[in-house]
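Colleague: Here it is, the structure in full.
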Amino acid sequence: MTHSVSMTVNGKSVSGEVESRTLLVQFLRENLRLTGTHVGCDTSQCGACVVHKDGQSIKSCTILAAQCDGADVTTIEGLADGDTLHPMQEAFRENHGLQCGFCTPGMVMSALDLVKNNPDPSEKEIREWLEGNICRCTGYHNIVKSIKAGADSMR
Amino acid sequence: MYDFTYQRVGSVDDAAAKVKGADDAMLMAGGMTLIPTLKQRLAQPSDIVDLSGISGLIGISIEGDNVVVGAMTTHAAVAASADVKSKIPALAELADGIGDPQVRNRGTIGGSIANNDPAADYPSACVGLGATIVTNQREIAADDFFTGLFETALDDGEVVTAVKFPAPSKAAYMKFPNPASRYAIVGVFVAQGSDGVRVAVTGAGQDGVFRVSEMESALTSDFSADAVANISIPDGDLNSDIHASSEYRAHLVTVMAKRAVNNASSGD
């Protein structure tokens, strides 16, 4: 069965035809060509697909596109202002918070949800929050540093 | 995923009608278990009936001595609720330890208990606190609700609408999490309330959550970790897998019970 869905993605109204079983991440990547949101494990564990839906971080591989009809979605592409990186992206760049970069979009989107509710997170709080984001380059150390620095520059 | 027909509903009655009218429909709450299950083609429903549009199922309220949690309330909302933190801090802590932040932003209490995964956290809180499961048809005591592995007392078309938790005088939940999934390898919920002491174990039993009556009576006469330290449960009916043998799980039940008793805290 197909559905017409409309949502706001990175501030723009978008719409499309999706099957019932189409995942949000498929809609973002394949329909909208927003390929910054990655599919890593496809089993809701790795967090490479984290986006914000209505202000909360979620795993876009574990929600149907049809469920997001009318939603407000932000992806990694929605953060930078032209050529100026978002402070959290800039912090990852500054602090070598990425190696291969595959997990980075999810890390950044997850970090921003943390900082929204906890503007000055401790290292322990950052590490606990990253429960659902896996980095296969094992770069957690610099990711934590990046998030701390990003939070500092956003305050 | 096999294809299915996605349907969004605005009321519980509509959801029940859609389930009855379809060949083989499944209700979807947060989808944190259902969508991965569909992806692995472990289920092939004709229809998915999405409950997320029913606003009346979302929210937390205090009714007398009960904390009432709407079925579509997310784990993150339970963990952050001032009412839950003040009346049943152990329940807020349990919710805060489920999965990861993104799972807690989507997963719901109603979905968790209706699925009755043997390693899920919430069944132990429901049984441990002597909760009442409210559905669109009746009220079911938690002791009667969880009937076996992924099985509950729910009938076809019966929808969980809320869970009523009586506030205990003190309670705690301790779990030994699977290091990858954060599901409970063993989780023990201990509560002292108006109907006595309850000890409910999740993660260990082959049929899901169960109570340990020997620990309950020991704690009734002496609410201390020492009282349960020498009580071990038989490992014959416990889960055994690559993460933990049944013997190890039996050992963990006693250890987690001791820690829970030591950590039991009271609400206001």
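Please note that chains go A, B, ... in the order of the structure tokens, that every chain numbers its residues from 1, and that ligands are numbered from 1 in the order shown.
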Excluding Cys103 of chain A and residues on its chain fewer than 2 positions from it, collect all residues at most 6 Å away from it, counting only C-alpha atoms, and give them as a list of chain:residue names.
Modeller: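 My list of contacting residues is A:Ala48, A:Gly101, A:Pro105, A:Gly106, A:Cys135.
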Colleague: With N, CA and C atoms retained, export the selected residues as a compact mmCIF listing (two decimals), in the first residue's frame.
Modeller:
```txt
# COMPACT_ATOMS: atom_id res chain seq x y z
N ALA A 48 24.02 5.49 13.59
CA ALA A 48 24.49 6.28 12.44
C ALA A 48 23.33 7.01 11.77
N GLY A 101 34.43 8.75 9.75
CA GLY A 101 33.31 9.67 9.61
C GLY A 101 31.95 9.04 9.45
N PRO A 105 27.53 11.73 11.58
CA PRO A 105 26.23 12.42 11.54
C PRO A 105 25.34 12.04 12.73
N GLY A 106 25.32 10.76 13.05
CA GLY A 106 24.51 10.31 14.17
C GLY A 106 25.05 10.81 15.49
N CYS A 135 30.90 3.81 17.41
CA CYS A 135 31.99 4.23 16.52
C CYS A 135 32.92 3.05 16.32
```
Colleague: Apply DSSP to the backbone of this structure and, from segment 108-157 of chain B, keep only the residues in helix (DSSP H, G or I); write these as a PDB file with N, CA and C atoms, in the first residue's frame.
Modeller:
```pdb
ATOM      1  N   ILE B 109       5.702   2.239  27.457  1.00  0.00           N
ATOM      2  CA  ILE B 109       5.419   1.253  28.494  1.00  0.00           C
ATOM      3  C   ILE B 109       4.379   0.235  28.006  1.00  0.00           C
ATOM      4  N   GLY B 110       3.374   0.722  27.286  1.00  0.00           N
ATOM      5  CA  GLY B 110       2.323  -0.195  26.812  1.00  0.00           C
ATOM      6  C   GLY B 110       2.887  -1.205  25.833  1.00  0.00           C
ATOM      7  N   GLY B 111       3.749  -0.725  24.935  1.00  0.00           N
ATOM      8  CA  GLY B 111       4.357  -1.627  23.962  1.00  0.00           C
ATOM      9  C   GLY B 111       5.239  -2.654  24.638  1.00  0.00           C
ATOM     10  N   SER B 112       5.978  -2.208  25.636  1.00  0.00           N
ATOM     11  CA  SER B 112       6.887  -3.117  26.333  1.00  0.00           C
ATOM     12  C   SER B 112       6.116  -4.235  27.017  1.00  0.00           C
ATOM     13  N   ILE B 113       5.066  -3.884  27.741  1.00  0.00           N
ATOM     14  CA  ILE B 113       4.386  -4.945  28.502  1.00  0.00           C
ATOM     15  C   ILE B 113       3.512  -5.817  27.598  1.00  0.00           C
ATOM     16  N   ALA B 114       2.954  -5.231  26.535  1.00  0.00           N
ATOM     17  CA  ALA B 114       2.130  -6.049  25.634  1.00  0.00           C
ATOM     18  C   ALA B 114       3.000  -7.054  24.878  1.00  0.00           C
ATOM     19  N   ASN B 115       4.260  -6.682  24.644  1.00  0.00           N
ATOM     20  CA  ASN B 115       5.184  -7.595  23.957  1.00  0.00           C
ATOM     21  C   ASN B 115       5.691  -8.673  24.923  1.00  0.00           C
ATOM     22  N   TYR B 122      10.234  -3.475  32.164  1.00  0.00           N
ATOM     23  CA  TYR B 122       8.950  -3.066  32.752  1.00  0.00           C
ATOM     24  C   TYR B 122       8.131  -4.184  33.399  1.00  0.00           C
ATOM     25  N   PRO B 123       8.126  -5.412  32.852  1.00  0.00           N
ATOM     26  CA  PRO B 123       7.316  -6.433  33.522  1.00  0.00           C
ATOM     27  C   PRO B 123       7.692  -6.606  34.998  1.00  0.00           C
ATOM     28  N   SER B 124       8.990  -6.449  35.312  1.00  0.00           N
ATOM     29  CA  SER B 124       9.394  -6.615  36.718  1.00  0.00           C
ATOM     30  C   SER B 124       8.841  -5.488  37.589  1.00  0.00           C
ATOM     31  N   ALA B 125       8.751  -4.289  37.040  1.00  0.00           N
ATOM     32  CA  ALA B 125       8.174  -3.181  37.820  1.00  0.00           C
ATOM     33  C   ALA B 125       6.680  -3.391  38.017  1.00  0.00           C
ATOM     34  N   CYS B 126       6.000  -3.878  36.981  1.00  0.00           N
ATOM     35  CA  CYS B 126       4.546  -4.100  37.090  1.00  0.00           C
ATOM     36  C   CYS B 126       4.255  -5.149  38.157  1.00  0.00           C
ATOM     37  N   VAL B 127       4.975  -6.255  38.094  1.00  0.00           N
ATOM     38  CA  VAL B 127       4.740  -7.331  39.065  1.00  0.00           C
ATOM     39  C   VAL B 127       5.297  -6.935  40.434  1.00  0.00           C
ATOM     40  N   GLY B 128       6.474  -6.312  40.449  1.00  0.00           N
ATOM     41  CA  GLY B 128       7.111  -5.935  41.708  1.00  0.00           C
ATOM     42  C   GLY B 128       6.319  -4.906  42.500  1.00  0.00           C
ATOM     43  N   ALA B 142      -1.253  -7.245  37.481  1.00  0.00           N
ATOM     44  CA  ALA B 142       0.005  -7.597  36.804  1.00  0.00           C
ATOM     45  C   ALA B 142       0.344  -9.066  37.007  1.00  0.00           C
ATOM     46  N   ASP B 143       0.008  -9.607  38.196  1.00  0.00           N
ATOM     47  CA  ASP B 143       0.293 -11.028  38.464  1.00  0.00           C
ATOM     48  C   ASP B 143      -0.410 -11.947  37.455  1.00  0.00           C
ATOM     49  N   ASP B 144      -1.544 -11.486  36.912  1.00  0.00           N
ATOM     50  CA  ASP B 144      -2.301 -12.317  35.965  1.00  0.00           C
ATOM     51  C   ASP B 144      -2.037 -11.940  34.505  1.00  0.00           C
ATOM     52  N   PHE B 145      -1.318 -10.826  34.312  1.00  0.00           N
ATOM     53  CA  PHE B 145      -1.179 -10.275  32.953  1.00  0.00           C
ATOM     54  C   PHE B 145      -0.100 -10.988  32.138  1.00  0.00           C
TER      55      PHE B 145
END
```
Colleague: Can you list every residue of chain A that has an atom at most 7 Å from chain B, with its nearest atom pair and the distance in Å to one decimal, using only C-alpha atoms, ordered by chain then number, as a Markdown table?
Modeller:
```
| residue | atom | partner | partner_atom | distance |
| --- | --- | --- | --- | --- |
| A:Met1 | CA | B:Thr5 | CA | 5.7 |
| A:Ser20 | CA | B:Tyr6 | CA | 5.2 |
| A:Arg21 | CA | B:Asp3 | CA | 5.9 |
| A:Thr43 | CA | B:Pro36 | CA | 6.1 |
| A:Gln56 | CA | B:Asn105 | CA | 7.0 |
| A:Ser57 | CA | B:Gln102 | CA | 5.7 |
| A:Ile58 | CA | B:Gln102 | CA | 4.6 |
| A:Lys59 | CA | B:Gln102 | CA | 6.2 |
| A:Thr62 | CA | B:Ile35 | CA | 6.0 |
| A:Trp129 | CA | B:Pro101 | CA | 6.5 |
| A:Glu131 | CA | B:Asp100 | CA | 5.4 |
| A:Gly132 | CA | B:Asp100 | CA | 5.0 |
```
Colleague: Please indicate the distance in Å from atom CA of Arg138 of chain B to atom CA of Asp24 of chain B, rounded to one decimal place.
Modeller: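 Between atom CA of Arg138 of chain B and atom CA of Asp24 of chain B the gap works out to 23.0 Å.
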Colleague: Leaving out segment 215-225 of chain B and any residue of its chain fewer than 2 positions from it, which residues lie within 12 Å of it when counting only C-alpha atoms, given as a PyMOL selection string?
Modeller: chain B and resi 128+170-171+188-201+211-213+227-233+253-264
Colleague: Just give me the gap between atom CA of Ala162 of chain B and atom CA of Ala131 of chain B in Å, one decimal is fine.
Modeller: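 Result for atom CA of Ala162 of chain B versus atom CA of Ala131 of chain B: 10.3 Å, one decimal.
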Colleague: Report, in Å with one decimal, the straight-line distance from atom CA of Asn133 of chain A to atom CA of Phe92 of chain A.
Modeller: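 According to the coordinates, atom CA of Asn133 of chain A and atom CA of Phe92 of chain A are separated by 15.0 Å.
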Colleague: From the set A:Asn31, A:Thr2, A:Ser110, A:Asn142, which residue has the shortest atom-to-atom contact distance to Ile76 of chain A, counting only C-alpha atoms?
Modeller: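 Checking each of A:Asn31, A:Thr2, A:Ser110, A:Asn142 against Ile76 of chain A, counting only C-alpha atoms, the winner is A:Ser110.
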Colleague: Which residues, written as a PyMOL selection string, have at least one atom at most 12 Å from Ile62 of chain B, with only C-alpha atoms counted and residues fewer than 2 positions away on the same chain left out?
Modeller: chain B and resi 59-60+64-70+81-88+163-167
Colleague: Which of these residues is nearest to Thr22 of chain A, using only C-alpha atoms: A:Ile126, A:Val5, A:Val108, A:Lys116?
Modeller: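 Under the stated criterion, the closest residue is A:Val5.
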Colleague: Which residues are close to Gln137 of chain B, i.e. within 10 Å by only C-alpha atoms, leaving aside same-chain residues fewer than 6 positions away? Reply as a ChimeraX atom specification.
Modeller: /B:154-155,157-161
Colleague: Please dump the current selection as a PDB file, in the first residue's frame; keep N, CA and C atoms.
Modeller:
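What follows is the written file out_18.pdb:
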```pdb
ATOM      1  N   LEU B 154      -3.878 -10.486  27.241  1.00  0.00           N
ATOM      2  CA  LEU B 154      -4.656  -9.652  26.312  1.00  0.00           C
ATOM      3  C   LEU B 154      -5.374 -10.503  25.267  1.00  0.00           C
ATOM      4  N   ASP B 155      -6.627 -10.153  25.005  1.00  0.00           N
ATOM      5  CA  ASP B 155      -7.379 -10.794  23.924  1.00  0.00           C
ATOM      6  C   ASP B 155      -7.135 -10.052  22.616  1.00  0.00           C
ATOM      7  N   GLY B 157      -7.717  -7.595  19.817  1.00  0.00           N
ATOM      8  CA  GLY B 157      -8.433  -6.328  19.817  1.00  0.00           C
ATOM      9  C   GLY B 157      -8.456  -5.641  21.173  1.00  0.00           C
ATOM     10  N   GLU B 158      -7.832  -6.247  22.161  1.00  0.00           N
ATOM     11  CA  GLU B 158      -7.742  -5.604  23.473  1.00  0.00           C
ATOM     12  C   GLU B 158      -6.487  -4.732  23.489  1.00  0.00           C
ATOM     13  N   VAL B 159      -6.650  -3.498  23.931  1.00  0.00           N
ATOM     14  CA  VAL B 159      -5.569  -2.523  23.858  1.00  0.00           C
ATOM     15  C   VAL B 159      -5.234  -2.048  25.268  1.00  0.00           C
ATOM     16  N   VAL B 160      -3.970  -2.118  25.633  1.00  0.00           N
ATOM     17  CA  VAL B 160      -3.541  -1.558  26.920  1.00  0.00           C
ATOM     18  C   VAL B 160      -3.688  -0.037  26.841  1.00  0.00           C
ATOM     19  N   THR B 161      -4.352   0.552  27.826  1.00  0.00           N
ATOM     20  CA  THR B 161      -4.516   2.014  27.806  1.00  0.00           C
ATOM     21  C   THR B 161      -3.678   2.700  28.883  1.00  0.00           C
TER      22      THR B 161
END
```
